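First comes the structure, then the notes that go with it.
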Amino acid sequence: MNNLISIADLSKQNILDILALAKQFKNGLKKRSLEGKVIASCFFEASTRTRLSFESAILKLGGGVIGFADSDSTSHGAKGESLVDTLKVINGYADALIIRHPLDGAARLAQSVCSIPVINAGDGANQHPSQTLLDLFSIQDSQNKIENISIGLLGDLKHGRTIHSLVEAAKFFNIQLYFIAPKELRMNENKLFQLKTSGIQYSFHNSVDEVIHKLDCLYIIRIQKERFDESISFDKYKLNLKSLQNVKSNFKILSPLPRLEELPVEIDATPYAYYFQQAQNGLYIRQALLDMILGDKLN
Amino acid sequence: MQNQISNWAVEDKKHIGSIENGINIDHIPCGNAFYIMKILNLYKSEYQTGIGLNLSSKKIGKKDLIKIENRELSAQEIQAISLFAVGSTLSILKDFKVIKKVILAMPDVVHGIIICPNKRCVSHHHVSQFLAVANRNNLIELKCNYCEKSFLLSDIKEYNL
Ligand SMILES: [Zn+2]
């Protein structure tokens, strides 16, 4: 692996290798594989969790970080320098580039103009592969396995880029999917067709309570209500303590955060809440990615 | 001229025979001759060129047709025009004879010509690149190499020619 641009570029073995290495980091592995190296962390769009976990991962691996947290202060943002020129300049200053950009495909463009390795930290509505990997890691870590798992996906399944890459990766692991969303927020036909041709089993449900007892994991994606007509009721798509009475003992709730009212704070104290651990797993998965993509090659 | 065009429609074979050396692109989907003219720069060239628009065709209902005397096409040009001429016939003539005839197919990769319909796509800041893929109804779609979105040819409205 020289870059990480899209989940679609990864094989099952690539994914398993990254998850295994992330587990070692979670168990306390210490490595200084980025010592003496400079990593450019370029966030043309702000993202707290992703940026801080990447930068923490770099520092823990002994590397140095340069970069910016949003594009306002850059020549690209402030002086209108072309994105390609900005990328070429950064290419000369760093040993690798981590890029977050509001335009779809920006990381692929960076890969095509840079000679240093590029890691996609989110390109518009397209891909956010390190998030997908940390979701897969969280499923594996909370269930002690990743094959043959039943996952409920609750919320906005239509617009979430995270969810699209996650279901794409589900094909490798025989994951059974339960879609819980109002009709307006279901995945589009093309995406469903892709799932069908990859042999993924899925079904549609109108409330959490209908399926929650069958699930190993419930993945919640926030619904941004301001996007929708007020007449659509989202009440059936909220989680509450009562819904949790019939869940399996291994049941865990995952969410990429931030959350809205579909994931009430009182759930945090239950043994089923896994989302803060999930956020922390972001650090281990990013250590694994950096070590795998850059560690051996740079040294 | 009117007369000649209708002759092309009913007597293609005879008509092709009338080119000594050059190319004949027939059964072009109606309306697409315009794009091919642009790609081959026919507005400015000095080649003797015949263009037929909205000709009736037994095969596809209505068609466009372009024939150019003494013109050869590079592999790159064939790839570029194929985007607008899927299913069309390209005949190469020498001494009044068809020496080669190919049915044009969707190219695997299209560089630069398509403007990605996704307004949020980074390719608007660079050279676009599209890959041909089959969709769920076995129709050919073009997938943007940057934003990873797929479009039917009919959904693509803007070109950089
Ligand atoms: Zn695009």
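Starting from 1 in every chain, residues are counted up; chains themselves are A, B, ... following the order of the structure tokens, and ligands are numbered from 1 as listed.
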| task | Please identify all polymer residues within 12 Å of Asn144 of chain A, counting only C-alpha atoms, omitting same-chain residues fewer than 5 positions from it, and present them as a PyMOL selection string. | result | chain A and resi 19-20+23+136-139+149+216+250-252
Can you write out the residues you just picked, keeping N, CA, C and O atoms, as a compact mmCIF listing (two decimals), in the first residue's frame?
# COMPACT_ATOMS: atom_id res chain seq x y z
N LEU A 19 -6.47 -3.88 10.28
CA LEU A 19 -7.19 -4.11 11.55
C LEU A 19 -6.29 -4.82 12.56
O LEU A 19 -6.29 -4.50 13.76
N ALA A 20 -5.50 -5.79 12.07
CA ALA A 20 -4.63 -6.55 12.98
C ALA A 20 -3.56 -5.64 13.59
O ALA A 20 -3.25 -5.72 14.79
N LYS A 23 -5.01 -3.39 16.20
CA LYS A 23 -5.23 -4.12 17.46
C LYS A 23 -3.93 -4.13 18.28
O LYS A 23 -3.95 -3.96 19.50
N LEU A 136 -14.93 -0.55 10.93
CA LEU A 136 -14.73 -2.00 10.83
C LEU A 136 -13.95 -2.51 12.03
O LEU A 136 -14.26 -3.55 12.60
N PHE A 137 -12.94 -1.75 12.42
CA PHE A 137 -12.14 -2.14 13.59
C PHE A 137 -13.02 -2.18 14.84
O PHE A 137 -12.91 -3.08 15.68
N SER A 138 -13.91 -1.18 14.97
CA SER A 138 -14.78 -1.11 16.14
C SER A 138 -15.77 -2.28 16.16
O SER A 138 -16.08 -2.81 17.23
N ILE A 139 -16.24 -2.67 15.00
CA ILE A 139 -17.13 -3.84 14.92
C ILE A 139 -16.36 -5.08 15.38
O ILE A 139 -16.79 -5.82 16.25
N ILE A 149 -21.74 -11.11 10.95
CA ILE A 149 -22.29 -10.24 11.98
C ILE A 149 -23.55 -9.56 11.44
O ILE A 149 -23.66 -9.32 10.24
N ASP A 216 -26.16 -7.47 16.34
CA ASP A 216 -24.92 -7.46 17.12
C ASP A 216 -24.46 -6.01 17.32
O ASP A 216 -23.98 -5.66 18.38
N ASN A 250 -24.18 -9.26 23.62
CA ASN A 250 -22.99 -8.70 22.94
C ASN A 250 -23.30 -7.41 22.18
O ASN A 250 -22.44 -6.85 21.51
N PHE A 251 -24.54 -6.93 22.28
CA PHE A 251 -24.99 -5.78 21.49
C PHE A 251 -24.18 -4.52 21.79
O PHE A 251 -23.90 -4.20 22.94
N LYS A 252 -23.77 -3.80 20.72
CA LYS A 252 -23.05 -2.54 20.91
C LYS A 252 -23.59 -1.47 19.95
O LYS A 252 -23.98 -1.77 18.83
Residues of chain B that have any atom at most 9 Å from an atom of ligand 1: could you tabulate them with the shortest-distance atom pair and the distance in Å to one decimal, using only C-alpha atoms and all ligand atoms, ordered by chain and increasing number, as CSV?
residue,atom,partner,partner_atom_place_in_ligand_line,distance
B:Ile115,CA,ligand 1,1 (Zn),8.0
B:Cys116,CA,ligand 1,1 (Zn),4.7
B:Pro117,CA,ligand 1,1 (Zn),6.9
B:Asn118,CA,ligand 1,1 (Zn),5.5
B:Lys119,CA,ligand 1,1 (Zn),7.9
B:Arg120,CA,ligand 1,1 (Zn),7.6
B:Cys121,CA,ligand 1,1 (Zn),4.5
B:Val122,CA,ligand 1,1 (Zn),6.7
B:Ser123,CA,ligand 1,1 (Zn),5.8
B:His124,CA,ligand 1,1 (Zn),8.0
B:Ser128,CA,ligand 1,1 (Zn),7.4
B:Gln129,CA,ligand 1,1 (Zn),8.2
B:Phe130,CA,ligand 1,1 (Zn),8.2
B:Lys143,CA,ligand 1,1 (Zn),7.8
B:Cys144,CA,ligand 1,1 (Zn),4.6
B:Asn145,CA,ligand 1,1 (Zn),6.7
B:Tyr146,CA,ligand 1,1 (Zn),5.2
B:Cys147,CA,ligand 1,1 (Zn),4.1
B:Glu148,CA,ligand 1,1 (Zn),6.3
B:Lys149,CA,ligand 1,1 (Zn),6.1
B:Ser150,CA,ligand 1,1 (Zn),8.3
| request: Could you tell me, as a ChimeraX atom specification, which residues of segment 5-142 of chain B DSSP assigns to strand (DSSP E) when given the backbone? | output: /B:22-29,49-57,61-69,89-94,97-103,109-111,129-134,140-142
Next, write the just-selected residues to a file, as a short mmCIF file (atom, residue, chain, number, x, y, z; two decimals), in the first residue's frame, keeping N, CA and C atoms as the atom set.
data_model
loop_
_atom_site.label_atom_id
_atom_site.label_comp_id
_atom_site.auth_asym_id
_atom_site.auth_seq_id
_atom_site.Cartn_x
_atom_site.Cartn_y
_atom_site.Cartn_z
N GLY B 22 -10.19 8.41 -47.87
CA GLY B 22 -10.67 9.17 -46.71
C GLY B 22 -11.51 8.32 -45.78
N ILE B 23 -12.36 8.98 -45.03
CA ILE B 23 -13.16 8.24 -44.03
C ILE B 23 -14.63 8.60 -44.14
N ASN B 24 -15.44 7.64 -43.71
CA ASN B 24 -16.88 7.83 -43.67
C ASN B 24 -17.37 7.36 -42.30
N ILE B 25 -17.98 8.27 -41.57
CA ILE B 25 -18.54 7.87 -40.26
C ILE B 25 -20.05 7.90 -40.41
N ASP B 26 -20.64 6.72 -40.34
CA ASP B 26 -22.07 6.60 -40.62
C ASP B 26 -22.83 6.13 -39.37
N HIS B 27 -24.15 6.35 -39.40
CA HIS B 27 -25.02 5.97 -38.28
C HIS B 27 -24.59 6.65 -36.98
N ILE B 28 -24.22 7.89 -37.08
CA ILE B 28 -23.91 8.68 -35.88
C ILE B 28 -25.24 9.04 -35.22
N PRO B 29 -25.40 8.84 -33.91
CA PRO B 29 -26.66 9.24 -33.26
C PRO B 29 -26.97 10.71 -33.59
N THR B 49 -15.28 18.03 -46.98
CA THR B 49 -16.07 17.33 -45.99
C THR B 49 -17.55 17.35 -46.35
N GLY B 50 -18.21 16.21 -46.20
CA GLY B 50 -19.65 16.17 -46.37
C GLY B 50 -20.31 15.85 -45.04
N ILE B 51 -21.30 16.63 -44.69
CA ILE B 51 -21.96 16.41 -43.41
C ILE B 51 -23.45 16.24 -43.65
N GLY B 52 -24.00 15.15 -43.14
CA GLY B 52 -25.45 14.95 -43.25
C GLY B 52 -26.06 14.94 -41.87
N LEU B 53 -27.13 15.73 -41.70
CA LEU B 53 -27.78 15.77 -40.39
C LEU B 53 -29.22 15.29 -40.53
N ASN B 54 -29.70 14.56 -39.53
CA ASN B 54 -31.09 14.11 -39.48
C ASN B 54 -31.50 13.30 -40.71
N LEU B 55 -30.57 12.49 -41.20
CA LEU B 55 -30.92 11.64 -42.35
C LEU B 55 -31.75 10.47 -41.86
N SER B 56 -32.67 9.99 -42.69
CA SER B 56 -33.46 8.85 -42.23
C SER B 56 -32.63 7.59 -42.39
N SER B 57 -32.78 6.69 -41.43
CA SER B 57 -31.97 5.48 -41.39
C SER B 57 -32.86 4.31 -41.03
N GLY B 61 -33.42 4.87 -37.25
CA GLY B 61 -34.47 5.88 -37.35
C GLY B 61 -33.96 7.14 -38.02
N LYS B 62 -33.15 7.88 -37.27
CA LYS B 62 -32.51 9.06 -37.85
C LYS B 62 -31.04 9.06 -37.48
N LYS B 63 -30.25 9.62 -38.36
CA LYS B 63 -28.80 9.55 -38.11
C LYS B 63 -28.10 10.79 -38.64
N ASP B 64 -26.88 10.97 -38.18
CA ASP B 64 -25.98 11.95 -38.79
C ASP B 64 -24.90 11.17 -39.53
N LEU B 65 -24.21 11.84 -40.41
CA LEU B 65 -23.17 11.19 -41.21
C LEU B 65 -22.08 12.20 -41.54
N ILE B 66 -20.83 11.76 -41.47
CA ILE B 66 -19.72 12.66 -41.83
C ILE B 66 -18.76 11.91 -42.75
N LYS B 67 -18.39 12.53 -43.85
CA LYS B 67 -17.35 11.93 -44.69
C LYS B 67 -16.28 12.98 -45.01
N ILE B 68 -15.05 12.55 -44.92
CA ILE B 68 -13.96 13.51 -45.10
C ILE B 68 -12.95 12.93 -46.09
N GLU B 69 -12.68 13.70 -47.11
CA GLU B 69 -11.71 13.27 -48.12
C GLU B 69 -10.28 13.41 -47.58
N THR B 89 -20.54 3.37 -37.65
CA THR B 89 -19.57 2.64 -38.46
C THR B 89 -18.53 3.62 -38.98
N LEU B 90 -17.29 3.26 -38.77
CA LEU B 90 -16.20 4.06 -39.34
C LEU B 90 -15.60 3.25 -40.50
N SER B 91 -15.70 3.81 -41.71
CA SER B 91 -15.13 3.13 -42.87
C SER B 91 -13.94 3.92 -43.37
N ILE B 92 -12.88 3.19 -43.69
CA ILE B 92 -11.70 3.85 -44.25
C ILE B 92 -11.63 3.45 -45.73
N LEU B 93 -11.53 4.46 -46.59
CA LEU B 93 -11.57 4.19 -48.03
C LEU B 93 -10.24 4.49 -48.70
N LYS B 94 -9.92 3.63 -49.64
CA LYS B 94 -8.73 3.86 -50.44
C LYS B 94 -9.06 3.46 -51.88
N LYS B 97 -12.45 2.12 -52.53
CA LYS B 97 -12.85 0.86 -51.88
C LYS B 97 -12.76 1.00 -50.36
N VAL B 98 -13.71 0.35 -49.67
CA VAL B 98 -13.64 0.28 -48.21
C VAL B 98 -12.56 -0.72 -47.85
N ILE B 99 -11.48 -0.22 -47.24
CA ILE B 99 -10.42 -1.16 -46.88
C ILE B 99 -10.49 -1.57 -45.41
N LYS B 100 -11.26 -0.79 -44.63
CA LYS B 100 -11.42 -1.18 -43.23
C LYS B 100 -12.74 -0.62 -42.73
N LYS B 101 -13.44 -1.42 -41.93
CA LYS B 101 -14.74 -0.98 -41.41
C LYS B 101 -14.82 -1.41 -39.95
N VAL B 102 -15.03 -0.46 -39.07
CA VAL B 102 -15.16 -0.83 -37.65
C VAL B 102 -16.42 -0.23 -37.06
N ILE B 103 -17.02 -0.97 -36.13
CA ILE B 103 -18.14 -0.42 -35.36
C ILE B 103 -17.53 0.23 -34.13
N VAL B 109 -11.49 4.47 -21.42
CA VAL B 109 -11.12 5.65 -20.65
C VAL B 109 -11.32 6.90 -21.52
N VAL B 110 -11.87 7.94 -20.94
CA VAL B 110 -12.03 9.20 -21.67
C VAL B 110 -11.31 10.30 -20.90
N HIS B 111 -10.29 10.88 -21.53
CA HIS B 111 -9.51 11.93 -20.87
C HIS B 111 -9.99 13.31 -21.29
N GLN B 129 -11.21 12.63 -15.99
CA GLN B 129 -10.92 11.29 -16.48
C GLN B 129 -12.11 10.39 -16.13
N PHE B 130 -12.68 9.75 -17.15
CA PHE B 130 -13.84 8.89 -16.93
C PHE B 130 -13.56 7.48 -17.42
N LEU B 131 -14.09 6.51 -16.68
CA LEU B 131 -13.94 5.10 -17.05
C LEU B 131 -15.32 4.54 -17.39
N ALA B 132 -15.40 3.73 -18.44
CA ALA B 132 -16.69 3.13 -18.82
C ALA B 132 -16.96 1.90 -17.94
N VAL B 133 -18.16 1.85 -17.37
CA VAL B 133 -18.55 0.70 -16.54
C VAL B 133 -20.00 0.31 -16.90
N ALA B 134 -20.34 -0.97 -16.68
CA ALA B 134 -21.72 -1.40 -16.96
C ALA B 134 -22.57 -1.20 -15.70
N ILE B 140 -24.13 1.16 -20.45
CA ILE B 140 -22.80 1.69 -20.16
C ILE B 140 -22.94 3.01 -19.39
N GLU B 141 -22.22 3.10 -18.29
CA GLU B 141 -22.14 4.36 -17.57
C GLU B 141 -20.69 4.83 -17.58
N LEU B 142 -20.51 6.11 -17.36
CA LEU B 142 -19.16 6.65 -17.27
C LEU B 142 -18.90 7.06 -15.83
#
| task | Select residues of chain A: the criterion is any atom within 7 Å of an atom of chain B, counting only C-alpha atoms; output as a PyMOL selection string. | result | chain A and resi 103-106+108-109+126+193
Pull all heavy atoms from the residues just selected and write them as a CSV table (one decimal), in the first residue's frame.
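Writing the result to result.csv gives the following:
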chain,number,residue,atom,x,y,z
A,103,LEU,N,-14.0,19.2,-1.7
A,103,LEU,CA,-14.4,18.8,-3.1
A,103,LEU,C,-14.3,17.3,-3.2
A,103,LEU,O,-13.3,16.7,-2.8
A,103,LEU,CB,-13.6,19.5,-4.1
A,103,LEU,CG,-13.9,21.0,-4.3
A,103,LEU,CD1,-13.0,21.6,-5.4
A,103,LEU,CD2,-15.3,21.3,-4.6
A,104,ASP,N,-15.3,16.7,-3.9
A,104,ASP,CA,-15.2,15.2,-4.2
A,104,ASP,C,-14.0,14.9,-5.1
A,104,ASP,O,-13.9,15.5,-6.1
A,104,ASP,CB,-16.5,14.8,-4.9
A,104,ASP,CG,-17.8,15.1,-4.1
A,104,ASP,OD1,-17.7,15.6,-3.0
A,104,ASP,OD2,-18.9,14.9,-4.7
A,105,GLY,N,-13.2,13.9,-4.7
A,105,GLY,CA,-12.1,13.5,-5.5
A,105,GLY,C,-10.8,14.2,-5.3
A,105,GLY,O,-9.8,14.0,-6.0
A,106,ALA,N,-10.8,15.1,-4.3
A,106,ALA,CA,-9.6,15.9,-4.1
A,106,ALA,C,-8.4,15.1,-3.7
A,106,ALA,O,-7.2,15.3,-4.1
A,106,ALA,CB,-9.8,17.0,-3.0
A,108,ARG,N,-7.8,12.0,-4.7
A,108,ARG,CA,-7.3,11.3,-5.9
A,108,ARG,C,-6.5,12.3,-6.8
A,108,ARG,O,-5.5,11.9,-7.3
A,108,ARG,CB,-8.5,10.8,-6.7
A,108,ARG,CG,-8.2,9.9,-7.9
A,108,ARG,CD,-7.7,8.5,-7.6
A,108,ARG,NE,-8.7,7.7,-7.1
A,108,ARG,CZ,-8.5,6.5,-6.5
A,108,ARG,NH1,-7.3,6.0,-6.4
A,108,ARG,NH2,-9.5,5.8,-6.1
A,109,LEU,N,-6.9,13.5,-6.8
A,109,LEU,CA,-6.2,14.5,-7.5
A,109,LEU,C,-4.8,14.7,-6.9
A,109,LEU,O,-3.8,14.8,-7.6
A,109,LEU,CB,-6.9,15.9,-7.5
A,109,LEU,CG,-6.2,17.0,-8.2
A,109,LEU,CD1,-6.1,16.8,-9.7
A,109,LEU,CD2,-7.0,18.3,-8.0
A,126,ASN,N,-17.6,12.2,-1.0
A,126,ASN,CA,-17.1,10.9,-1.6
A,126,ASN,C,-16.7,9.9,-0.6
A,126,ASN,O,-17.4,8.9,-0.3
A,126,ASN,CB,-16.1,11.2,-2.7
A,126,ASN,CG,-15.6,10.0,-3.4
A,126,ASN,OD1,-16.4,9.1,-3.6
A,126,ASN,ND2,-14.3,9.9,-3.7
A,193,PHE,N,-28.2,-2.1,-5.7
A,193,PHE,CA,-27.9,-3.0,-6.7
A,193,PHE,C,-26.5,-3.6,-6.5
A,193,PHE,O,-26.2,-4.8,-6.7
A,193,PHE,CB,-28.1,-2.4,-8.1
A,193,PHE,CG,-27.6,-3.3,-9.2
A,193,PHE,CD1,-28.4,-4.4,-9.6
A,193,PHE,CD2,-26.4,-3.1,-9.8
A,193,PHE,CE1,-28.0,-5.2,-10.6
A,193,PHE,CE2,-25.9,-3.9,-10.8
A,193,PHE,CZ,-26.7,-5.0,-11.2
| task | Based on DSSP run over this structure's backbone, return all residues of segment 27-171 of chain A in alpha helix (DSSP H), as a VMD selection string. | result | chain A and resid 48 to 60 75 to 78 83 to 93 106 to 113 129 to 143 161 to 170
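Atom pair atom CA of Pro256 of chain A / atom CA of His164 of chain A has a distance of 13.1 Å (rounded to one decimal).
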| message | Give me the residues near Ile36 of chain B as a list in words, where near means some atom within 9 Å (using only C-alpha atoms) and where sequence neighbours in that chain fewer than 4 positions away do not count. | response |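 The residues satisfying every condition are Asn32, Leu40, Asn41, Leu42, Ile66, Ala80, Ile81, Ser82, Phe84 and Ala85 of chain B.
Coordinates place atom CA of Gly199 of chain A at a distance of 10.1 Å from atom CA of Gln176 of chain A.
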| field | Exercise: Leu10 of chain A partners within 12 Å, only C-alpha atoms, chain neighbours under 3 positions left out, as a VMD selection string | value | chain A and resid 1 to 7 13 to 18 129 to 130 132 to 133 165 168 to 169 172
Take the residues from that selection and write them out as an mmCIF file, in the first residue's frame, keeping C-alpha atoms.
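Wrote it out as part.cif, contents follow:
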data_model
loop_
_atom_site.group_PDB
_atom_site.id
_atom_site.type_symbol
_atom_site.label_atom_id
_atom_site.label_comp_id
_atom_site.auth_asym_id
_atom_site.auth_seq_id
_atom_site.Cartn_x
_atom_site.Cartn_y
_atom_site.Cartn_z
ATOM 1 C CA MET A 1 0.000 0.000 0.000
ATOM 2 C CA ASN A 2 1.425 3.360 -1.067
ATOM 3 C CA ASN A 3 -1.629 5.567 -0.572
ATOM 4 C CA LEU A 4 -5.076 5.401 0.953
ATOM 5 C CA ILE A 5 -7.570 7.148 -1.301
ATOM 6 C CA SER A 6 -10.704 5.004 -1.443
ATOM 7 C CA ILE A 7 -11.981 1.877 0.302
ATOM 8 C CA GLN A 13 -6.396 -8.915 3.040
ATOM 9 C CA ASN A 14 -5.359 -5.224 3.076
ATOM 10 C CA ILE A 15 -8.239 -4.507 5.442
ATOM 11 C CA LEU A 16 -7.493 -7.469 7.709
ATOM 12 C CA ASP A 17 -3.814 -6.466 7.906
ATOM 13 C CA ILE A 18 -4.689 -2.898 8.914
ATOM 14 C CA PRO A 129 -11.606 5.613 4.230
ATOM 15 C CA SER A 130 -9.901 5.916 7.618
ATOM 16 C CA THR A 132 -14.588 3.230 7.426
ATOM 17 C CA LEU A 133 -11.569 1.305 8.684
ATOM 18 C CA SER A 165 -18.072 2.856 2.194
ATOM 19 C CA GLU A 168 -19.167 -1.608 0.440
ATOM 20 C CA ALA A 169 -16.670 -3.240 2.771
ATOM 21 C CA PHE A 172 -15.811 -9.095 2.421
#
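Residues with any atom within 6 Å of segment 277-286 of chain A, counting only C-alpha atoms and excluding same-chain neighbours fewer than 3 positions away, are Ala22, Phe25, Lys26, Ser53, Phe54, Ala57, Leu134, Ser138, Tyr274 and Leu289 of chain A.
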| task | Rounded to one decimal place, report the atom CA of Leu139 of chain B-atom CA of Asp123 of chain A distance in Å. | result |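 About the pair atom CA of Leu139 of chain B and atom CA of Asp123 of chain A: they are 27.9 Å apart.
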| message | Taking 5 positions as the minimum chain separation for residues in the same chain, which residues sit within 8 Å of Ile116 of chain A when counting only C-alpha atoms? Answer as a PyMOL selection string. | response | chain A and resi 91+94-97
Please dump the current selection as a PDB file, in the first residue's frame; keep C-alpha atoms.
ATOM      1  CA  ASN A  91       4.826  17.838  -2.034  1.00  0.00           C
ATOM      2  CA  ALA A  94       6.814  16.845   3.429  1.00  0.00           C
ATOM      3  CA  ASP A  95       7.369  13.092   3.356  1.00  0.00           C
ATOM      4  CA  ALA A  96       3.633  12.342   3.178  1.00  0.00           C
ATOM      5  CA  LEU A  97       0.353  14.200   2.841  1.00  0.00           C
TER       6      LEU A  97
END
| request: Would you kindly return, as a ChimeraX atom specification, each protein, DNA or RNA residue with an atom no farther than 8 Å from any atom of Leu195 of chain A, considering only C-alpha atoms and excluding same-chain residues fewer than 6 positions away? | output: /A:167-168,171,201
